[in-house]
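Peer 1: Below is the structure I would like to discuss, written out as structure tokens.
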Amino acid sequence: MARTPFVCGNWKLHKTVAESLDLATAIKNSVAPIRDVEVAVAPVFTALHAVGKRLEGSTVALAAQDCFWEDQGAWTGEVSVRLLVDLGVKYVIVGHSERRQHFGETDASVNHKAQAILRHGLRPILCVGETLAEREAGETFGRIAAQLAAGLVGFSPEMLNETVLAYEPVWAIGTGKVATTQQAEEVHAFIRAQLRERWPTTADHVRIQYGGSVKPDNAAGLLSQPNIDGALVGGASLKSDDFLGIVKYRLSK
Ligand code: PEP
């Protein structure tokens with residue numbers, strides 16, 4: 001099953017509007033000739049509009065780092081999917097471990113958000129991953145299975161087809177500790193097997209990104225694994241050269 005690799009930069013809480021525009025411009029120009037990898041960037045909310053305008057007509061898609069599931073109302077501080085549609089956003093990250101860890105994100109809220117994203121015709125990038133304690137206790141597969149089961153409640157095959165999954169071992173995010181290609185592929189294959197049990201005809205179409213200290217020098221090894229279909233990139237997405245090095249991972253194989 002040929003799946004187009006998908007590399008998304010998660011800029012987290014970095015960069016002003018002007019800095020975001022500089023980075024978006026550099027990425028837009030450098031990835032323009034690349035056709036065999038899909039690319040997206042997820043700036044801070046306040047830069048989404050400007051970056052979206054800058055990316056118009058380019059091959060780089062606009063992504064948001066989070067959303068809220070209600071369309072409008074008395075929800076001070078929230079940003080709804082409806083508002084993201086307005087800005088030309090295509091992908092929305094949900095369930096990132098930083099949101100789970102620091103902002104009370106649960107599997108149930110991840111599911112509400114993913115359903116709202118799909119209802120509005122956008123695509124969720126749904127993150128799952130185990131902590132170091134869970135890995136050391138031998139609970140990795142149980143944890144991932146539980147996050148998938150709860151995060152994908154109510155999903156039809158059509159909904160799954162529009163969804164990207166991201167396996168991000170929490171112990172590898174922003175730590176410089178990257179999972180080995182074997183550790184990552186083992187979990188990716190497990191995720192696909194879990195999907196196959198519930199959605200046998202759709203599972204092979206779903207892209208599963210790896211995230212956790214992906215850099216230009218480890219991207220080729222990870223992304224050439226059979227069930228790793230791209231990367232969700234934090235730190236290395238903040239410099240256009242590093243990000244480009246990951247997008248062009250095939251050249252360094
Ligand atoms: C992330 O934020 O999703 C991530 C994987 O970060 P980093 O690449 O910095 O580990």
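Note on naming: chains are A, B, ... as they come in the structure tokens, residues start from 1 per chain, ligands start from 1 in the order shown.
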Can I get the residues close to ligand 1 as a compact mmCIF listing (two decimals) with N, CA and C atoms, in the first residue's frame, where close means within 7 Å and we count only C-alpha atoms and all ligand atoms?
Peer 2:
# COMPACT_ATOMS: atom_id res chain seq x y z
N ASN A 10 5.58 21.17 14.04
CA ASN A 10 4.81 21.72 15.16
C ASN A 10 5.68 22.79 15.81
N LYS A 12 4.97 24.75 18.15
CA LYS A 12 4.67 24.90 19.58
C LYS A 12 4.54 26.40 19.94
N HIS A 96 -1.83 16.05 21.66
CA HIS A 96 -0.38 16.12 21.85
C HIS A 96 -0.06 15.88 23.33
N GLU A 168 3.92 9.29 19.26
CA GLU A 168 4.95 10.12 19.88
C GLU A 168 5.25 9.61 21.28
N ALA A 172 10.48 10.69 24.29
CA ALA A 172 11.35 11.09 23.17
C ALA A 172 11.06 12.51 22.69
N ILE A 173 10.03 13.14 23.26
CA ILE A 173 9.64 14.47 22.76
C ILE A 173 10.49 15.55 23.39
N GLY A 174 11.24 16.25 22.56
CA GLY A 174 12.04 17.37 23.02
C GLY A 174 13.20 16.97 23.92
N THR A 175 13.50 15.69 23.99
CA THR A 175 14.53 15.21 24.92
C THR A 175 15.83 14.86 24.22
N GLY A 176 15.76 14.74 22.88
CA GLY A 176 16.95 14.28 22.15
C GLY A 176 17.05 12.76 22.16
N GLY A 211 6.81 10.82 15.95
CA GLY A 211 7.27 12.09 16.51
C GLY A 211 8.09 11.85 17.75
N GLY A 212 9.18 12.58 17.89
CA GLY A 212 10.04 12.46 19.07
C GLY A 212 11.48 12.62 18.65
N SER A 213 11.97 13.88 18.71
CA SER A 213 13.37 14.19 18.40
C SER A 213 13.79 13.73 17.00
N VAL A 214 12.88 13.88 16.03
CA VAL A 214 13.27 13.60 14.64
C VAL A 214 14.17 14.72 14.15
N LEU A 232 6.02 13.96 12.77
CA LEU A 232 5.55 15.18 13.43
C LEU A 232 6.78 15.73 14.14
N VAL A 233 7.20 16.93 13.74
CA VAL A 233 8.52 17.43 14.12
C VAL A 233 8.38 18.68 14.97
N GLY A 234 8.95 18.67 16.16
CA GLY A 234 8.93 19.86 17.01
C GLY A 234 10.18 20.70 16.79
N GLY A 235 11.18 20.50 17.66
CA GLY A 235 12.38 21.33 17.66
C GLY A 235 13.00 21.55 16.29
N ALA A 236 13.15 20.49 15.52
CA ALA A 236 13.84 20.60 14.24
C ALA A 236 12.98 21.28 13.16
Peer 1: Give me, as a PDB file with C-alpha atoms, in the first residue's frame, all polymer residues having an atom no more than 10 Å from Val94 in chain A, counting only C-alpha atoms and skipping those fewer than 4 positions away in the same chain.
Peer 2:
ATOM      1  CA  ALA A  64      -3.300  24.214  13.941  1.00  0.00           C
ATOM      2  CA  GLN A  65      -1.896  22.927  17.222  1.00  0.00           C
ATOM      3  CA  ASP A  66      -5.242  22.418  18.978  1.00  0.00           C
ATOM      4  CA  CYS A  67      -8.925  23.365  18.782  1.00  0.00           C
ATOM      5  CA  PHE A  68     -12.199  23.289  20.703  1.00  0.00           C
ATOM      6  CA  ARG A  99      -1.703  19.116  26.106  1.00  0.00           C
ATOM      7  CA  ARG A 100      -2.420  15.833  27.869  1.00  0.00           C
ATOM      8  CA  GLU A 105      -6.440  16.799  27.711  1.00  0.00           C
ATOM      9  CA  ASP A 107      -8.910  10.659  25.516  1.00  0.00           C
ATOM     10  CA  SER A 109     -11.708  15.415  24.836  1.00  0.00           C
ATOM     11  CA  VAL A 110      -9.390  14.225  22.069  1.00  0.00           C
ATOM     12  CA  ASN A 111     -12.302  12.270  20.610  1.00  0.00           C
ATOM     13  CA  HIS A 112     -14.682  15.279  20.823  1.00  0.00           C
ATOM     14  CA  LYS A 113     -12.107  17.456  19.078  1.00  0.00           C
ATOM     15  CA  ALA A 114     -11.345  14.896  16.362  1.00  0.00           C
ATOM     16  CA  ILE A 117     -12.514  18.536  13.059  1.00  0.00           C
ATOM     17  CA  PRO A 124      -7.080  15.528  12.711  1.00  0.00           C
ATOM     18  CA  ILE A 125      -3.511  14.532  13.495  1.00  0.00           C
ATOM     19  CA  LEU A 126      -4.286  12.428  16.550  1.00  0.00           C
ATOM     20  CA  CYS A 127      -1.298  11.832  18.850  1.00  0.00           C
ATOM     21  CA  VAL A 128      -0.772   8.802  21.051  1.00  0.00           C
ATOM     22  CA  GLY A 151      -9.732   8.540  20.878  1.00  0.00           C
ATOM     23  CA  LEU A 165      -2.200   9.273  13.582  1.00  0.00           C
ATOM     24  CA  ALA A 166       1.043  10.269  15.255  1.00  0.00           C
TER      25      ALA A 166
END
Peer 1: DSSP on the backbone: what in range 18-190 of chain A comes out strand (DSSP E or B), as a list in words?
Peer 2: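 Everything in range 18-190 of chain A that counts as strand (DSSP E or B) is Glu38, Val39, Ala40, Val41, Ala42, Val60, Ala61, Leu62, Ala63, Ala64, Phe68, Ser80, Tyr91, Val92, Ile93, Val94, Arg123, Pro124, Ile125, Leu126, Cys127, Val128, Val164, Leu165, Ala166 and Tyr167 of chain A.
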Peer 1: Let's have the selection written as a short mmCIF file (atom, residue, chain, number, x, y, z; two decimals), in the first residue's frame, with N, CA, C and O atoms.
Peer 2:
data_model
loop_
_atom_site.label_atom_id
_atom_site.label_comp_id
_atom_site.auth_asym_id
_atom_site.auth_seq_id
_atom_site.Cartn_x
_atom_site.Cartn_y
_atom_site.Cartn_z
N GLU A 38 4.17 15.10 1.49
CA GLU A 38 3.25 16.18 1.85
C GLU A 38 3.83 16.92 3.06
O GLU A 38 4.38 16.29 3.97
N VAL A 39 3.71 18.24 3.05
CA VAL A 39 4.32 19.05 4.11
C VAL A 39 3.26 19.99 4.71
O VAL A 39 2.44 20.56 3.98
N ALA A 40 3.30 20.14 6.02
CA ALA A 40 2.43 21.10 6.69
C ALA A 40 3.20 21.77 7.82
O ALA A 40 4.20 21.22 8.31
N VAL A 41 2.75 22.95 8.22
CA VAL A 41 3.34 23.62 9.40
C VAL A 41 2.22 24.07 10.33
O VAL A 41 1.14 24.48 9.88
N ALA A 42 2.49 23.99 11.63
CA ALA A 42 1.51 24.37 12.65
C ALA A 42 2.08 25.51 13.49
O ALA A 42 2.75 25.28 14.50
N VAL A 60 2.59 23.77 0.71
CA VAL A 60 2.67 23.58 2.17
C VAL A 60 1.29 23.84 2.79
O VAL A 60 0.70 24.90 2.58
N ALA A 61 0.79 22.86 3.54
CA ALA A 61 -0.54 23.01 4.16
C ALA A 61 -0.42 23.69 5.52
O ALA A 61 0.62 23.63 6.18
N LEU A 62 -1.52 24.30 5.93
CA LEU A 62 -1.58 24.99 7.22
C LEU A 62 -2.22 24.05 8.26
O LEU A 62 -3.25 23.43 8.00
N ALA A 63 -1.57 23.96 9.42
CA ALA A 63 -2.10 23.12 10.50
C ALA A 63 -2.22 23.96 11.76
O ALA A 63 -1.51 24.94 11.95
N ALA A 64 -3.16 23.56 12.63
CA ALA A 64 -3.30 24.21 13.94
C ALA A 64 -2.85 23.23 15.02
O ALA A 64 -2.86 22.02 14.80
N PHE A 68 -11.10 23.63 19.78
CA PHE A 68 -12.20 23.29 20.70
C PHE A 68 -13.35 22.73 19.87
O PHE A 68 -13.51 23.11 18.71
N SER A 80 -12.48 27.60 17.96
CA SER A 80 -13.26 26.48 17.42
C SER A 80 -12.74 26.06 16.05
O SER A 80 -12.06 26.82 15.36
N TYR A 91 -5.17 20.77 8.62
CA TYR A 91 -4.93 19.74 9.65
C TYR A 91 -4.98 20.37 11.04
O TYR A 91 -4.57 21.53 11.21
N VAL A 92 -5.42 19.59 12.02
CA VAL A 92 -5.39 20.06 13.41
C VAL A 92 -4.80 18.96 14.29
O VAL A 92 -5.28 17.82 14.27
N ILE A 93 -3.74 19.30 15.03
CA ILE A 93 -3.13 18.35 15.96
C ILE A 93 -4.05 18.23 17.18
O ILE A 93 -4.49 19.24 17.73
N VAL A 94 -4.33 17.01 17.60
CA VAL A 94 -5.09 16.81 18.85
C VAL A 94 -4.42 15.74 19.70
O VAL A 94 -3.83 14.80 19.18
N ARG A 123 -8.81 17.70 8.86
CA ARG A 123 -8.22 16.40 9.20
C ARG A 123 -7.48 16.45 10.54
O ARG A 123 -6.57 17.27 10.69
N PRO A 124 -7.83 15.57 11.46
CA PRO A 124 -7.08 15.53 12.71
C PRO A 124 -5.74 14.81 12.55
O PRO A 124 -5.64 13.85 11.78
N ILE A 125 -4.75 15.29 13.28
CA ILE A 125 -3.51 14.53 13.50
C ILE A 125 -3.59 14.12 14.96
O ILE A 125 -3.38 14.93 15.86
N LEU A 126 -3.96 12.88 15.19
CA LEU A 126 -4.29 12.43 16.55
C LEU A 126 -3.06 11.73 17.16
O LEU A 126 -2.58 10.73 16.63
N CYS A 127 -2.56 12.32 18.25
CA CYS A 127 -1.30 11.83 18.85
C CYS A 127 -1.56 10.82 19.95
O CYS A 127 -2.45 11.02 20.79
N VAL A 128 -0.77 9.78 19.96
CA VAL A 128 -0.77 8.80 21.05
C VAL A 128 0.68 8.53 21.44
O VAL A 128 1.59 8.77 20.64
N VAL A 164 -5.02 11.35 10.42
CA VAL A 164 -3.60 10.99 10.50
C VAL A 164 -3.34 10.65 11.97
O VAL A 164 -3.83 11.34 12.86
N LEU A 165 -2.59 9.59 12.21
CA LEU A 165 -2.20 9.27 13.58
C LEU A 165 -0.74 9.63 13.77
O LEU A 165 0.05 9.60 12.80
N ALA A 166 -0.37 10.00 14.97
CA ALA A 166 1.04 10.27 15.25
C ALA A 166 1.43 9.49 16.50
O ALA A 166 0.80 9.67 17.56
N TYR A 167 2.42 8.63 16.34
CA TYR A 167 2.96 7.93 17.52
C TYR A 167 4.11 8.76 18.06
O TYR A 167 5.13 8.94 17.38
#
Peer 1: Which residue out of A:Gly104, A:Asp217, A:Ser97, A:Gly77 has the minimum interatomic distance to Trp171 in chain A when only C-alpha atoms are used?
Peer 2: A:Ser97
Peer 1: May I have all residues of range 12-246 of chain A that DSSP, computed from the backbone, assigns to alpha helix (DSSP H), given as number ranges by chain?
Peer 2: A: 17-31, 45-55, 81-86, 97-102, 107-119, 132-136, 140-151, 157-161, 181-198, 216-223, 240-246
Peer 1: Could you tell me which of A:Glu185, A:Ser58, A:Asn218, A:Leu48 comes closest to Lys28 in chain A if we count only C-alpha atoms?
Peer 2: A:Ser58
